[in-house]
file query.pdb (PDB, C-alpha atoms)
ATOM      1  CA  VAL A   1     105.318 125.112 122.494
ATOM      2  CA  TRP A   2     106.420 122.879 119.615
ATOM      3  CA  ALA A   3     105.106 119.831 121.490
ATOM      4  CA  PHE A   4     101.686 121.361 122.144
ATOM      5  CA  ALA A   5     101.389 122.587 118.548
ATOM      6  CA  GLU A   6     102.501 119.254 117.073
ATOM      7  CA  ALA A   7     100.056 117.348 119.263
ATOM      8  CA  GLY A   8      97.241 119.714 118.365
ATOM      9  CA  LYS A   9      96.390 120.151 122.029
ATOM     10  CA  PRO A  10      94.642 123.376 123.080
ATOM     11  CA  ALA A  11      97.005 125.263 125.371
ATOM     12  CA  ARG A  12      96.088 128.919 125.064
ATOM     13  CA  GLU A  13      97.296 129.834 128.540
ATOM     14  CA  VAL A  14     100.648 128.139 127.940
ATOM     15  CA  PHE A  15     101.262 130.061 124.719
ATOM     16  CA  LYS A  16     100.050 133.310 126.240
ATOM     17  CA  SER A  17     102.281 132.873 129.295
ATOM     18  CA  ILE A  18     105.377 132.067 127.219
ATOM     19  CA  GLY A  19     104.747 134.934 124.812
ATOM     20  CA  ASN A  20     104.175 137.411 127.635
ATOM     21  CA  ARG A  21     107.314 136.214 129.436
ATOM     22  CA  ILE A  22     109.543 136.668 126.391
ATOM     23  CA  VAL A  23     108.169 140.156 125.718
ATOM     24  CA  ALA A  24     108.445 141.148 129.410
ATOM     25  CA  LEU A  25     112.088 140.055 129.568
ATOM     26  CA  ASP A  26     112.868 142.074 126.462
ATOM     27  CA  GLN A  27     111.196 145.170 127.877
ATOM     28  CA  ALA A  28     113.052 144.710 131.166
ATOM     29  CA  GLY A  29     116.405 144.806 129.426
ATOM     30  CA  SER A  30     116.971 141.042 129.313
ATOM     31  CA  PRO A  31     116.253 140.233 125.659
ATOM     32  CA  ILE A  32     116.176 136.444 125.750
ATOM     33  CA  LEU A  33     115.521 136.313 122.014
ATOM     34  CA  GLN A  34     119.080 137.504 121.410
ATOM     35  CA  SER A  35     120.173 133.992 122.329
ATOM     36  CA  PHE A  36     117.727 132.381 119.885
ATOM     37  CA  GLY A  37     119.218 130.894 116.725
ATOM     38  CA  PRO A  38     117.481 130.045 113.439
ATOM     39  CA  ARG A  39     115.946 126.817 114.699
ATOM     40  CA  ASP A  40     114.639 128.430 117.892
ATOM     41  CA  VAL A  41     113.083 131.397 116.096
ATOM     42  CA  SER A  42     111.495 129.337 113.318
ATOM     43  CA  THR A  43     110.096 126.800 115.804
ATOM     44  CA  LEU A  44     108.541 129.533 117.934
ATOM     45  CA  VAL A  45     106.950 131.218 114.901
ATOM     46  CA  TRP A  46     105.690 127.895 113.535
ATOM     47  CA  ALA A  47     104.278 126.698 116.864
ATOM     48  CA  PHE A  48     102.262 129.844 117.585
ATOM     49  CA  ALA A  49     100.903 129.890 114.017
ATOM     50  CA  LYS A  50     100.123 126.166 113.960
ATOM     51  CA  SER A  51      98.172 126.489 117.196
ATOM     52  CA  GLY A  52      96.360 129.579 115.963
ATOM     53  CA  GLU A  53      97.647 131.584 118.913
ATOM     54  CA  MET A  54      97.989 135.290 118.136
ATOM     55  CA  HIS A  55     100.595 137.330 119.990
ATOM     56  CA  THR A  56     101.393 140.497 118.062
ATOM     57  CA  HIS A  57     103.975 141.834 120.512
ATOM     58  CA  LEU A  58     105.891 138.557 120.446
ATOM     59  CA  PHE A  59     105.862 138.432 116.650
ATOM     60  CA  GLU A  60     107.176 141.998 116.552
ATOM     61  CA  LYS A  61     110.103 140.900 118.706
ATOM     62  CA  LEU A  62     110.628 137.809 116.567
ATOM     63  CA  ALA A  63     110.647 139.980 113.449
ATOM     64  CA  ASP A  64     113.348 142.170 114.980
ATOM     65  CA  ARG A  65     115.421 139.095 115.767
ATOM     66  CA  LEU A  66     114.973 137.721 112.244
ATOM     67  CA  LEU A  67     116.119 140.983 110.700
ATOM     68  CA  ALA A  68     119.315 140.752 112.751
ATOM     69  CA  LEU A  69     120.094 137.137 111.798
ATOM     70  CA  ASP A  70     122.067 135.944 108.788
ATOM     71  CA  LEU A  71     119.656 133.869 106.700
ATOM     72  CA  ASP A  72     122.535 131.774 105.334
ATOM     73  CA  SER A  73     122.376 129.900 108.636
ATOM     74  CA  PHE A  74     118.718 128.925 108.096
ATOM     75  CA  SER A  75     117.754 125.582 106.585
ATOM     76  CA  SER A  76     115.085 125.463 103.878
ATOM     77  CA  GLN A  77     112.596 124.137 106.415
ATOM     78  CA  GLU A  78     113.329 126.998 108.801
ATOM     79  CA  LEU A  79     112.910 129.590 106.053
ATOM     80  CA  SER A  80     109.634 128.019 104.984
ATOM     81  CA  ASN A  81     108.346 127.781 108.562
ATOM     82  CA  VAL A  82     109.078 131.443 109.210
ATOM     83  CA  VAL A  83     107.201 132.854 106.204
ATOM     84  CA  TRP A  84     104.382 130.347 106.700
ATOM     85  CA  GLY A  85     104.047 131.292 110.372
ATOM     86  CA  PHE A  86     103.934 135.038 109.795
ATOM     87  CA  ALA A  87     101.401 134.615 106.973
ATOM     88  CA  LYS A  88      99.233 132.135 108.903
ATOM     89  CA  ASN A  89      99.029 134.430 111.925
ATOM     90  CA  GLU A  90      98.401 137.430 109.665
ATOM     91  CA  GLU A  91     101.285 139.376 111.142
ATOM     92  CA  PRO A  92     102.122 142.278 108.763
ATOM     93  CA  GLN A  93     105.908 142.334 108.526
ATOM     94  CA  PRO A  94     106.845 143.450 104.972
ATOM     95  CA  GLU A  95     110.536 143.696 105.858
ATOM     96  CA  ILE A  96     110.597 140.035 106.847
ATOM     97  CA  PHE A  97     109.015 138.882 103.598
ATOM     98  CA  GLU A  98     111.288 141.126 101.543
ATOM     99  CA  LYS A  99     114.409 139.855 103.296
ATOM    100  CA  LEU A 100     113.374 136.230 102.926
ATOM    101  CA  ALA A 101     112.393 136.679  99.277
ATOM    102  CA  LYS A 102     115.746 138.236  98.396
ATOM    103  CA  HIS A 103     117.602 135.485 100.210
ATOM    104  CA  ILE A 104     115.701 132.619  98.572
ATOM    105  CA  VAL A 105     116.060 134.186  95.131
ATOM    106  CA  SER A 106     119.811 134.578  95.694
ATOM    107  CA  LEU A 107     120.255 130.842  96.276
ATOM    108  CA  ASP A 108     121.938 128.898  93.468
ATOM    109  CA  ASN A 109     119.013 126.480  93.424
ATOM    110  CA  LEU A 110     116.096 125.211  95.476
ATOM    111  CA  HIS A 111     117.110 121.551  95.574
ATOM    112  CA  SER A 112     117.184 121.588  99.386
ATOM    113  CA  PHE A 113     113.518 122.600  99.543
ATOM    114  CA  SER A 114     111.015 119.779  99.866
ATOM    115  CA  ALA A 115     107.788 119.875  97.874
ATOM    116  CA  GLN A 116     105.873 120.942 100.977
ATOM    117  CA  GLU A 117     108.391 123.696 101.758
ATOM    118  CA  LEU A 118     108.089 125.074  98.228
ATOM    119  CA  ALA A 119     104.292 125.013  98.430
ATOM    120  CA  ASN A 120     104.215 126.588 101.896
ATOM    121  CA  THR A 121     106.611 129.323 100.823
ATOM    122  CA  VAL A 122     104.604 130.566  97.839
ATOM    123  CA  TRP A 123     101.365 130.072  99.802
ATOM    124  CA  ALA A 124     102.739 132.335 102.522
ATOM    125  CA  PHE A 125     103.689 135.164 100.166
ATOM    126  CA  ALA A 126     100.287 134.991  98.467
ATOM    127  CA  LYS A 127      98.378 134.763 101.740
ATOM    128  CA  ALA A 128     100.254 137.737 103.198
ATOM    129  CA  GLY A 129      99.613 139.774 100.064
ATOM    130  CA  GLU A 130     103.332 140.417  99.678
ATOM    131  CA  SER A 131     104.042 141.310  96.070
ATOM    132  CA  GLN A 132     107.358 139.599  95.398
ATOM    133  CA  PRO A 133     107.284 138.368  91.770
ATOM    134  CA  MET A 134     110.893 137.230  92.032
ATOM    135  CA  ILE A 135     110.018 134.508  94.561
ATOM    136  CA  PHE A 136     107.257 133.154  92.308
ATOM    137  CA  ASP A 137     109.585 133.194  89.306
ATOM    138  CA  LYS A 138     112.226 131.283  91.266
ATOM    139  CA  VAL A 139     109.864 128.636  92.621
ATOM    140  CA  GLY A 140     107.936 128.331  89.362
ATOM    141  CA  SER A 141     111.116 127.767  87.345
ATOM    142  CA  HIS A 142     112.283 125.155  89.833
ATOM    143  CA  ILE A 143     109.022 123.190  89.672
ATOM    144  CA  LEU A 144     108.954 123.352  85.879
ATOM    145  CA  ALA A 145     112.462 121.890  85.743
ATOM    146  CA  LEU A 146     111.433 118.838  87.801
ATOM    147  CA  ASP A 147     110.984 115.554  85.944
ATOM    148  CA  ASN A 148     107.617 114.998  87.593
ATOM    149  CA  LEU A 149     105.414 116.101  90.494
ATOM    150  CA  HIS A 150     105.196 112.785  92.320
ATOM    151  CA  LEU A 151     106.792 114.224  95.477
ATOM    152  CA  PHE A 152     104.051 116.834  95.786
ATOM    153  CA  SER A 153     101.060 115.859  97.875
ATOM    154  CA  HIS A 154      97.664 116.870  96.591
ATOM    155  CA  GLY A 155      97.568 119.581  99.247
ATOM    156  CA  ASP A 156     100.939 120.858  98.017
ATOM    157  CA  LEU A 157      99.697 121.002  94.423
ATOM    158  CA  ALA A 158      96.542 122.852  95.472
ATOM    159  CA  ASN A 159      98.574 125.344  97.508
ATOM    160  CA  VAL A 160     100.997 125.983  94.648
ATOM    161  CA  VAL A 161      98.367 126.802  92.012
ATOM    162  CA  TRP A 162      96.255 128.721  94.558
ATOM    163  CA  ALA A 163      99.267 130.842  95.523
ATOM    164  CA  PHE A 164     100.218 131.715  91.951
ATOM    165  CA  ALA A 165      96.610 132.555  91.062
ATOM    166  CA  LYS A 166      96.045 134.542  94.254
ATOM    167  CA  ALA A 167      99.228 136.554  93.685
ATOM    168  CA  GLY A 168      98.289 137.178  90.066
ATOM    169  CA  GLU A 169     101.476 135.520  88.864
ATOM    170  CA  SER A 170     100.796 134.131  85.394
ATOM    171  CA  GLN A 171     102.766 130.985  84.636
ATOM    172  CA  PRO A 172     100.752 128.993  82.060
ATOM    173  CA  LYS A 173     103.427 126.301  81.702
ATOM    174  CA  LEU A 174     103.375 125.638  85.433
ATOM    175  CA  PHE A 175      99.578 125.378  85.459
ATOM    176  CA  ASP A 176      99.680 123.054  82.445
ATOM    177  CA  LYS A 177     102.177 120.818  84.215
ATOM    178  CA  VAL A 178     100.057 120.603  87.363
ATOM    179  CA  ALA A 179      96.900 120.039  85.301
ATOM    180  CA  ASP A 180      98.495 117.210  83.322
ATOM    181  CA  HIS A 181      99.637 115.583  86.564
ATOM    182  CA  ILE A 182      96.199 115.766  88.197
ATOM    183  CA  ILE A 183      94.364 114.589  85.078
ATOM    184  CA  ALA A 184      96.662 111.557  84.875
ATOM    185  CA  LEU A 185      95.933 110.477  88.471
ATOM    186  CA  ASP A 186      93.847 107.337  88.932
ATOM    187  CA  ASN A 187      91.573 109.165  91.363
ATOM    188  CA  LEU A 188      91.306 112.221  93.610
ATOM    189  CA  HIS A 189      90.489 110.377  96.835
ATOM    190  CA  SER A 190      93.325 112.028  98.767
ATOM    191  CA  PHE A 191      92.187 115.538  97.834
ATOM    192  CA  SER A 192      90.363 117.211 100.696
ATOM    193  CA  PRO A 193      87.337 119.425  99.931
ATOM    194  CA  GLY A 194      89.630 122.407 100.476
ATOM    195  CA  ASP A 195      92.209 121.010  98.035
ATOM    196  CA  LEU A 196      89.516 120.484  95.399
ATOM    197  CA  SER A 197      88.017 123.946  95.782
ATOM    198  CA  ASN A 198      91.404 125.699  95.839
ATOM    199  CA  THR A 199      92.503 123.796  92.742
ATOM    200  CA  VAL A 200      89.520 124.605  90.528
ATOM    201  CA  TRP A 201      89.430 128.181  91.851
ATOM    202  CA  ALA A 202      93.074 128.644  90.859
ATOM    203  CA  PHE A 203      92.626 127.183  87.381
ATOM    204  CA  ALA A 204      89.543 129.316  86.764
ATOM    205  CA  LYS A 205      91.332 132.419  88.037
ATOM    206  CA  ALA A 206      94.320 131.709  85.787
ATOM    207  CA  GLY A 207      92.069 131.287  82.739
ATOM    208  CA  GLY A 208      92.610 129.345  79.556
ATOM    209  CA  MET A 209      92.952 126.013  81.337
ATOM    210  CA  PRO A 210      91.926 122.652  79.812
ATOM    211  CA  SER A 211      88.372 121.585  80.550
ATOM    212  CA  GLU A 212      89.667 118.118  81.487
ATOM    213  CA  ILE A 213      90.827 119.357  84.897
ATOM    214  CA  PHE A 214      87.314 120.633  85.659
ATOM    215  CA  ASP A 215      85.763 117.401  84.364
ATOM    216  CA  LYS A 216      88.069 115.360  86.588
ATOM    217  CA  VAL A 217      87.085 117.281  89.709
ATOM    218  CA  ALA A 218      83.387 117.242  88.801
ATOM    219  CA  ASP A 219      83.357 113.461  88.303
ATOM    220  CA  HIS A 220      85.075 113.000  91.648
ATOM    221  CA  VAL A 221      82.665 115.259  93.562
ATOM    222  CA  LEU A 222      79.630 113.615  91.976
ATOM    223  CA  ALA A 223      80.879 110.208  93.142
ATOM    224  CA  LEU A 224      81.149 111.320  96.771
ATOM    225  CA  ASP A 225      78.461 110.541  99.307
ATOM    226  CA  ASP A 226      76.174 113.311 100.527
ATOM    227  CA  SER A 227      77.790 113.558 103.963
ATOM    228  CA  HIS A 228      81.203 114.699 102.710
ATOM    229  CA  PRO A 229      82.425 117.652 104.852
ATOM    230  CA  PHE A 230      82.462 120.551 102.395
ATOM    231  CA  LYS A 231      82.562 123.969 104.039
ATOM    232  CA  ALA A 232      80.526 126.884 102.716
ATOM    233  CA  GLU A 233      83.750 128.479 101.477
ATOM    234  CA  ASP A 234      84.649 125.317  99.524
ATOM    235  CA  CYS A 235      81.235 125.315  97.889
ATOM    236  CA  SER A 236      81.458 128.985  97.033
ATOM    237  CA  GLN A 237      84.858 128.579  95.388
ATOM    238  CA  ILE A 238      83.781 125.560  93.346
ATOM    239  CA  LEU A 239      80.639 127.243  92.053
ATOM    240  CA  TRP A 240      82.553 130.427  91.261
ATOM    241  CA  ALA A 241      85.226 128.449  89.427
ATOM    242  CA  TYR A 242      82.830 126.622  87.096
ATOM    243  CA  GLU A 243      80.876 129.789  86.396
ATOM    244  CA  THR A 244      84.060 131.766  85.685
ATOM    245  CA  ALA A 245      85.514 129.023  83.494
ATOM    246  CA  GLN A 246      82.155 128.917  81.664
ATOM    247  CA  ILE A 247      81.828 125.185  82.143
ATOM    248  CA  GLU A 248      78.213 124.081  82.482
ATOM    249  CA  HIS A 249      77.681 121.215  84.864
ATOM    250  CA  PRO A 250      74.156 121.339  86.368
ATOM    251  CA  ARG A 251      74.521 118.083  88.330
ATOM    252  CA  LEU A 252      77.713 119.292  89.971
ATOM    253  CA  VAL A 253      76.223 122.667  90.850
ATOM    254  CA  GLU A 254      73.159 121.000  92.344
ATOM    255  CA  LYS A 255      75.280 118.684  94.475
ATOM    256  CA  VAL A 256      77.615 121.442  95.640
ATOM    257  CA  ALA A 257      74.632 123.623  96.509
ATOM    258  CA  ALA A 258      73.337 120.729  98.643
ATOM    259  CA  TYR A 259      76.733 120.504 100.364
ATOM    260  CA  ALA A 260      76.481 124.227 101.060
ATOM    261  CA  GLU A 261      73.099 123.733 102.701
ATOM    262  CA  ASN A 262      74.562 120.965 104.874
ATOM    263  CA  ALA A 263      77.436 123.270 105.795
ATOM    264  CA  LYS A 264      74.967 125.943 106.856
ATOM    265  CA  ILE A 265      73.094 123.461 109.040
ATOM    266  CA  MET A 266      76.374 122.428 110.697
ATOM    267  CA  ILE A 267      77.340 126.067 111.231
ATOM    268  CA  ASP A 268      73.949 126.757 112.814
ATOM    269  CA  ALA A 269      74.372 123.769 115.142
ATOM    270  CA  GLU A 270      77.895 124.766 116.139
ATOM    271  CA  THR A 271      76.787 128.341 116.699
ATOM    272  CA  ALA A 272      74.019 127.175 119.010
ATOM    273  CA  ASP A 273      76.550 125.205 121.070
ATOM    274  CA  LYS A 274      79.369 127.755 121.026
ATOM    275  CA  LYS A 275      77.636 131.088 120.694
ATOM    276  CA  SER A 276      79.652 132.592 123.494
ATOM    277  CA  GLN A 277      82.915 131.634 121.767
ATOM    278  CA  GLU A 278      82.065 132.789 118.239
ATOM    279  CA  THR A 279      82.442 136.458 117.336
ATOM    280  CA  PHE A 280      79.820 138.426 115.443
ATOM    281  CA  ASP A 281      82.248 138.939 112.556
ATOM    282  CA  GLU A 282      82.800 135.179 112.231
ATOM    283  CA  ARG A 283      79.056 134.549 112.138
ATOM    284  CA  MET A 284      78.659 137.249 109.493
ATOM    285  CA  ARG A 285      81.362 135.673 107.341
ATOM    286  CA  ASN A 286      79.514 132.347 107.510
ATOM    287  CA  VAL A 287      76.284 134.029 106.430
ATOM    288  CA  GLU A 288      78.025 135.884 103.601
ATOM    289  CA  LYS A 289      79.559 132.655 102.265
ATOM    290  CA  GLU A 290      76.234 130.833 102.362
ATOM    291  CA  GLU A 291      74.570 133.752 100.585
ATOM    292  CA  GLU A 292      77.345 133.778  97.986
ATOM    293  CA  VAL A 293      76.722 130.090  97.264
ATOM    294  CA  ALA A 294      73.000 130.713  96.857
ATOM    295  CA  SER A 295      73.645 133.704  94.618
ATOM    296  CA  ILE A 296      75.937 131.818  92.241
ATOM    297  CA  ALA A 297      73.755 128.741  92.192
ATOM    298  CA  ALA A 298      70.713 130.877  91.432
ATOM    299  CA  LYS A 299      72.551 132.549  88.572
ATOM    300  CA  LEU A 300      73.247 129.117  87.140
ATOM    301  CA  GLY A 301      69.574 128.256  87.419
ATOM    302  CA  VAL A 302      69.927 125.546  90.046
ATOM    303  CA  LEU A 303      68.451 127.197  93.134
ATOM    304  CA  LYS A 304      65.863 129.903  93.596
ATOM    305  CA  ARG A 305      66.909 132.816  95.776
ATOM    306  CA  ARG A 306      65.172 132.646  99.109
TER
END
call {"tool": "encode", "arguments": {"input": "query.pdb", "output": "structure tokens"}}
result
Amino acid sequence: VWAFAEAGKPAREVFKSIGNRIVALDQAGSPILQSFGPRDVSTLVWAFAKSGEMHTHLFEKLADRLLALDLDSFSSQELSNVVWGFAKNEEPQPEIFEKLAKHIVSLDNLHSFSAQELANTVWAFAKAGESQPMIFDKVGSHILALDNLHLFSHGDLANVVWAFAKAGESQPKLFDKVADHIIALDNLHSFSPGDLSNTVWAFAKAGGMPSEIFDKVADHVLALDDSHPFKAEDCSQILWAYETAQIEHPRLVEKVAAYAENAKIMIDAETADKKSQETFDERMRNVEKEEEVASIAAKLGVLKRR
């Protein structure tokens, strides 16, 4: 499963067959997962989540196995992969998150965690809605103690500030450090639309952030060509962020509103081609996001409500 997930190849039947087989063996009295060590468990969780393959019964069995294992035998990557996988697949396992949080907090330091592992860890706790302030305190203190943030990719930085803002964990010094780093960058070319929207959303949610970070993102977006692939959700978050931060930028709002319209056109085209594969709820979420963009833009005086 790792190979299929890493390659990004669709293999729904493969994942389903493997998941069903593991669960069936367990129910038949041959619990194969009992032989799985930290690497095996974390790889299985990561692969299913990476591929977007849901298998609730399998994840329940994996959670049981994780609760029985000693986390001291897990590497930082394995710990990060586990919480990321459970959060990504939206598998509610509070005991898993609590156990992992307590273990990570008990570590002498987080030097063995890479920048991506730190970002994925706090992202996972925020995404899962697991209120564990101690994990945010631990990670936040570690990042603040670093000499610089050069080892963090732009996606990592976006995930870190998004996670802290989403979890309602106020750490102004951490946000200031990330803001200073981003403002000092020569450009934001390696930021994806999602990175940009998550970043400004987080800074607006945190409040009291320097206007320079919003100016930097606005200048970058305005310099992009009109075909840049912003999703409706990206547009919604950007417009919400500038409105919430009370930063007026009519040209930016107009451009983002245009991106939102392009996103709607793309959604309509994809829906026409894949109507049988797209659920009603997914279509409704797309409509709600597009309406949210129009609502915010109208409030800012850029678009008229249709």
call {"tool": "closest_residue", "arguments": {"input": "query.pdb", "among": "A:Phe86, A:Phe74, A:Phe36, A:Phe125", "to": "Glu60 of chain A", "atoms": "all atoms listed in the file"}}
result
A:Phe86
call {"tool": "resolve_selection", "arguments": {"input": "query.pdb", "expression": "the PyMOL selection byres ((chain A and resi 122) around 9)", "output": "CSV table (one decimal) with C-alpha atoms, in the frame of the given file"}}
result
chain,number,residue,atom,x,y,z
A,84,TRP,CA,104.4,130.3,106.7
A,117,GLU,CA,108.4,123.7,101.8
A,118,LEU,CA,108.1,125.1,98.2
A,119,ALA,CA,104.3,125.0,98.4
A,120,ASN,CA,104.2,126.6,101.9
A,121,THR,CA,106.6,129.3,100.8
A,123,TRP,CA,101.4,130.1,99.8
A,124,ALA,CA,102.7,132.3,102.5
A,125,PHE,CA,103.7,135.2,100.2
A,126,ALA,CA,100.3,135.0,98.5
A,127,LYS,CA,98.4,134.8,101.7
A,135,ILE,CA,110.0,134.5,94.6
A,136,PHE,CA,107.3,133.2,92.3
A,139,VAL,CA,109.9,128.6,92.6
A,159,ASN,CA,98.6,125.3,97.5
A,160,VAL,CA,101.0,126.0,94.6
A,163,ALA,CA,99.3,130.8,95.5
A,164,PHE,CA,100.2,131.7,92.0
call {"tool": "atom_distance", "arguments": {"input": "query.pdb", "atom1": "atom CA of Val105 of chain A", "atom2": "atom CA of His142 of chain A"}}
result
11.1 Å
call {"tool": "atom_distance", "arguments": {"input": "query.pdb", "atom1": "atom CA of His57 of chain A", "atom2": "atom CA of Asn89 of chain A"}}
result
12.4 Å
call {"tool": "closest_atom_pairs", "arguments": {"input": "query.pdb", "of": "segment 92-182 of chain A", "to": "segment 192-215 of chain A", "cutoff": "6 Å", "atoms": "all atoms listed in the file", "output": "CSV"}}
result
residue,atom,partner,partner_atom,distance
A:Gly155,CA,A:Asp195,CA,5.7
A:Ala158,CA,A:Thr199,CA,5.0
A:Val161,CA,A:Ala202,CA,5.7
A:Trp162,CA,A:Ala202,CA,4.9
A:Ala165,CA,A:Ala202,CA,5.3
call {"tool": "write_last_selection", "arguments": {"input": "query.pdb", "atoms": "C-alpha atoms", "output": "short mmCIF file (atom, residue, chain, number, x, y, z; two decimals), in the frame of the given file"}}
result
data_model
loop_
_atom_site.label_atom_id
_atom_site.label_comp_id
_atom_site.auth_asym_id
_atom_site.auth_seq_id
_atom_site.Cartn_x
_atom_site.Cartn_y
_atom_site.Cartn_z
CA GLY A 155 97.57 119.58 99.25
CA ALA A 158 96.54 122.85 95.47
CA VAL A 161 98.37 126.80 92.01
CA TRP A 162 96.26 128.72 94.56
CA ALA A 165 96.61 132.56 91.06
#
call {"tool": "resolve_selection", "arguments": {"input": "query.pdb", "expression": "the PyMOL selection byres ((chain A and resi 132) around 10)", "output": "list in words"}}
result
Phe97, Glu98, Ala101, Lys102, Val122, Phe125, Ala126, Gly129, Glu130, Ser131, Pro133, Met134, Ile135, Phe136, Asp137, Ala167 and Glu169 of chain A
call {"tool": "residues_around", "arguments": {"input": "query.pdb", "residues": "Phe59 of chain A", "least_positions_apart": "5", "cutoff": "10 Å", "atoms": "all atoms listed in the file", "output": "number ranges by chain"}}
result
A: 19, 23, 44-45, 48, 54, 64-65, 85-86, 89, 91-93
call {"tool": "atom_distance", "arguments": {"input": "query.pdb", "atom1": "atom CA of Lys88 of chain A", "atom2": "atom CA of Ser42 of chain A"}}
result
13.3 Å
call {"tool": "residues_around", "arguments": {"input": "query.pdb", "residues": "Ala47 of chain A", "least_positions_apart": "3", "cutoff": "12 Å", "atoms": "only C-alpha atoms", "output": "JSON, numbers by chain"}}
result
{"A": [1, 2, 3, 4, 5, 6, 7, 8, 9, 10, 11, 12, 14, 15, 18, 19, 39, 40, 41, 42, 43, 44, 50, 51, 52, 53, 54, 55, 59, 81, 82, 84, 85, 86, 88, 89]}
call {"tool": "write_last_selection", "arguments": {"input": "query.pdb", "atoms": "C-alpha atoms", "output": "PDB file, keeping the file's coordinate frame"}}
result
ATOM      1  CA  VAL A   1     105.318 125.112 122.494  1.00  0.00           C
ATOM      2  CA  TRP A   2     106.420 122.879 119.615  1.00  0.00           C
ATOM      3  CA  ALA A   3     105.106 119.831 121.490  1.00  0.00           C
ATOM      4  CA  PHE A   4     101.686 121.361 122.144  1.00  0.00           C
ATOM      5  CA  ALA A   5     101.389 122.587 118.548  1.00  0.00           C
ATOM      6  CA  GLU A   6     102.501 119.254 117.073  1.00  0.00           C
ATOM      7  CA  ALA A   7     100.056 117.348 119.263  1.00  0.00           C
ATOM      8  CA  GLY A   8      97.241 119.714 118.365  1.00  0.00           C
ATOM      9  CA  LYS A   9      96.390 120.151 122.029  1.00  0.00           C
ATOM     10  CA  PRO A  10      94.642 123.376 123.080  1.00  0.00           C
ATOM     11  CA  ALA A  11      97.005 125.263 125.371  1.00  0.00           C
ATOM     12  CA  ARG A  12      96.088 128.919 125.064  1.00  0.00           C
ATOM     13  CA  VAL A  14     100.648 128.139 127.940  1.00  0.00           C
ATOM     14  CA  PHE A  15     101.262 130.061 124.719  1.00  0.00           C
ATOM     15  CA  ILE A  18     105.377 132.067 127.219  1.00  0.00           C
ATOM     16  CA  GLY A  19     104.747 134.934 124.812  1.00  0.00           C
ATOM     17  CA  ARG A  39     115.946 126.817 114.699  1.00  0.00           C
ATOM     18  CA  ASP A  40     114.639 128.430 117.892  1.00  0.00           C
ATOM     19  CA  VAL A  41     113.083 131.397 116.096  1.00  0.00           C
ATOM     20  CA  SER A  42     111.495 129.337 113.318  1.00  0.00           C
ATOM     21  CA  THR A  43     110.096 126.800 115.804  1.00  0.00           C
ATOM     22  CA  LEU A  44     108.541 129.533 117.934  1.00  0.00           C
ATOM     23  CA  LYS A  50     100.123 126.166 113.960  1.00  0.00           C
ATOM     24  CA  SER A  51      98.172 126.489 117.196  1.00  0.00           C
ATOM     25  CA  GLY A  52      96.360 129.579 115.963  1.00  0.00           C
ATOM     26  CA  GLU A  53      97.647 131.584 118.913  1.00  0.00           C
ATOM     27  CA  MET A  54      97.989 135.290 118.136  1.00  0.00           C
ATOM     28  CA  HIS A  55     100.595 137.330 119.990  1.00  0.00           C
ATOM     29  CA  PHE A  59     105.862 138.432 116.650  1.00  0.00           C
ATOM     30  CA  ASN A  81     108.346 127.781 108.562  1.00  0.00           C
ATOM     31  CA  VAL A  82     109.078 131.443 109.210  1.00  0.00           C
ATOM     32  CA  TRP A  84     104.382 130.347 106.700  1.00  0.00           C
ATOM     33  CA  GLY A  85     104.047 131.292 110.372  1.00  0.00           C
ATOM     34  CA  PHE A  86     103.934 135.038 109.795  1.00  0.00           C
ATOM     35  CA  LYS A  88      99.233 132.135 108.903  1.00  0.00           C
ATOM     36  CA  ASN A  89      99.029 134.430 111.925  1.00  0.00           C
TER      37      ASN A  89
END
call {"tool": "residues_around", "arguments": {"input": "query.pdb", "residues": "Ile96 of chain A", "least_positions_apart": "6", "cutoff": "8 Å", "atoms": "only C-alpha atoms", "output": "ChimeraX atom specification"}}
result
/A:63,66-67,83
call {"tool": "closest_residue", "arguments": {"input": "query.pdb", "among": "A:Asn109, A:Ser80, A:Thr244, A:Gln27", "to": "Gly140 of chain A", "atoms": "all atoms listed in the file"}}
result
A:Asn109
call {"tool": "resolve_selection", "arguments": {"input": "query.pdb", "expression": "the PyMOL selection byres ((chain A and resi 152) around 9)", "output": "MDAnalysis selection string"}}
result
chainID A and resid 114:116 119 149:151 153:157
call {"tool": "write_last_selection", "arguments": {"input": "query.pdb", "atoms": "C-alpha atoms", "output": "PDB file, in the frame of the given file"}}
result
ATOM      1  CA  SER A 114     111.015 119.779  99.866  1.00  0.00           C
ATOM      2  CA  ALA A 115     107.788 119.875  97.874  1.00  0.00           C
ATOM      3  CA  GLN A 116     105.873 120.942 100.977  1.00  0.00           C
ATOM      4  CA  ALA A 119     104.292 125.013  98.430  1.00  0.00           C
ATOM      5  CA  LEU A 149     105.414 116.101  90.494  1.00  0.00           C
ATOM      6  CA  HIS A 150     105.196 112.785  92.320  1.00  0.00           C
ATOM      7  CA  LEU A 151     106.792 114.224  95.477  1.00  0.00           C
ATOM      8  CA  SER A 153     101.060 115.859  97.875  1.00  0.00           C
ATOM      9  CA  HIS A 154      97.664 116.870  96.591  1.00  0.00           C
ATOM     10  CA  GLY A 155      97.568 119.581  99.247  1.00  0.00           C
ATOM     11  CA  ASP A 156     100.939 120.858  98.017  1.00  0.00           C
ATOM     12  CA  LEU A 157      99.697 121.002  94.423  1.00  0.00           C
TER      13      LEU A 157
END
call {"tool": "closest_residue", "arguments": {"input": "query.pdb", "among": "A:Asp72, A:Glu78, A:Asp180, A:Glu90", "to": "Ser106 of chain A", "atoms": "only C-alpha atoms"}}
result
A:Asp72
call {"tool": "residues_around", "arguments": {"input": "query.pdb", "residues": "segment 185-190 of chain A", "least_positions_apart": "2", "cutoff": "8 Å", "atoms": "only C-alpha atoms", "output": "PyMOL selection string"}}
result
chain A and resi 154+181-183+192+217+220
call {"tool": "write_last_selection", "arguments": {"input": "query.pdb", "atoms": "C-alpha atoms", "output": "compact mmCIF listing (two decimals), in the coordinates of the input"}}
result
# COMPACT_ATOMS: atom_id res chain seq x y z
CA HIS A 154 97.66 116.87 96.59
CA HIS A 181 99.64 115.58 86.56
CA ILE A 182 96.20 115.77 88.20
CA ILE A 183 94.36 114.59 85.08
CA SER A 192 90.36 117.21 100.70
CA VAL A 217 87.08 117.28 89.71
CA HIS A 220 85.08 113.00 91.65
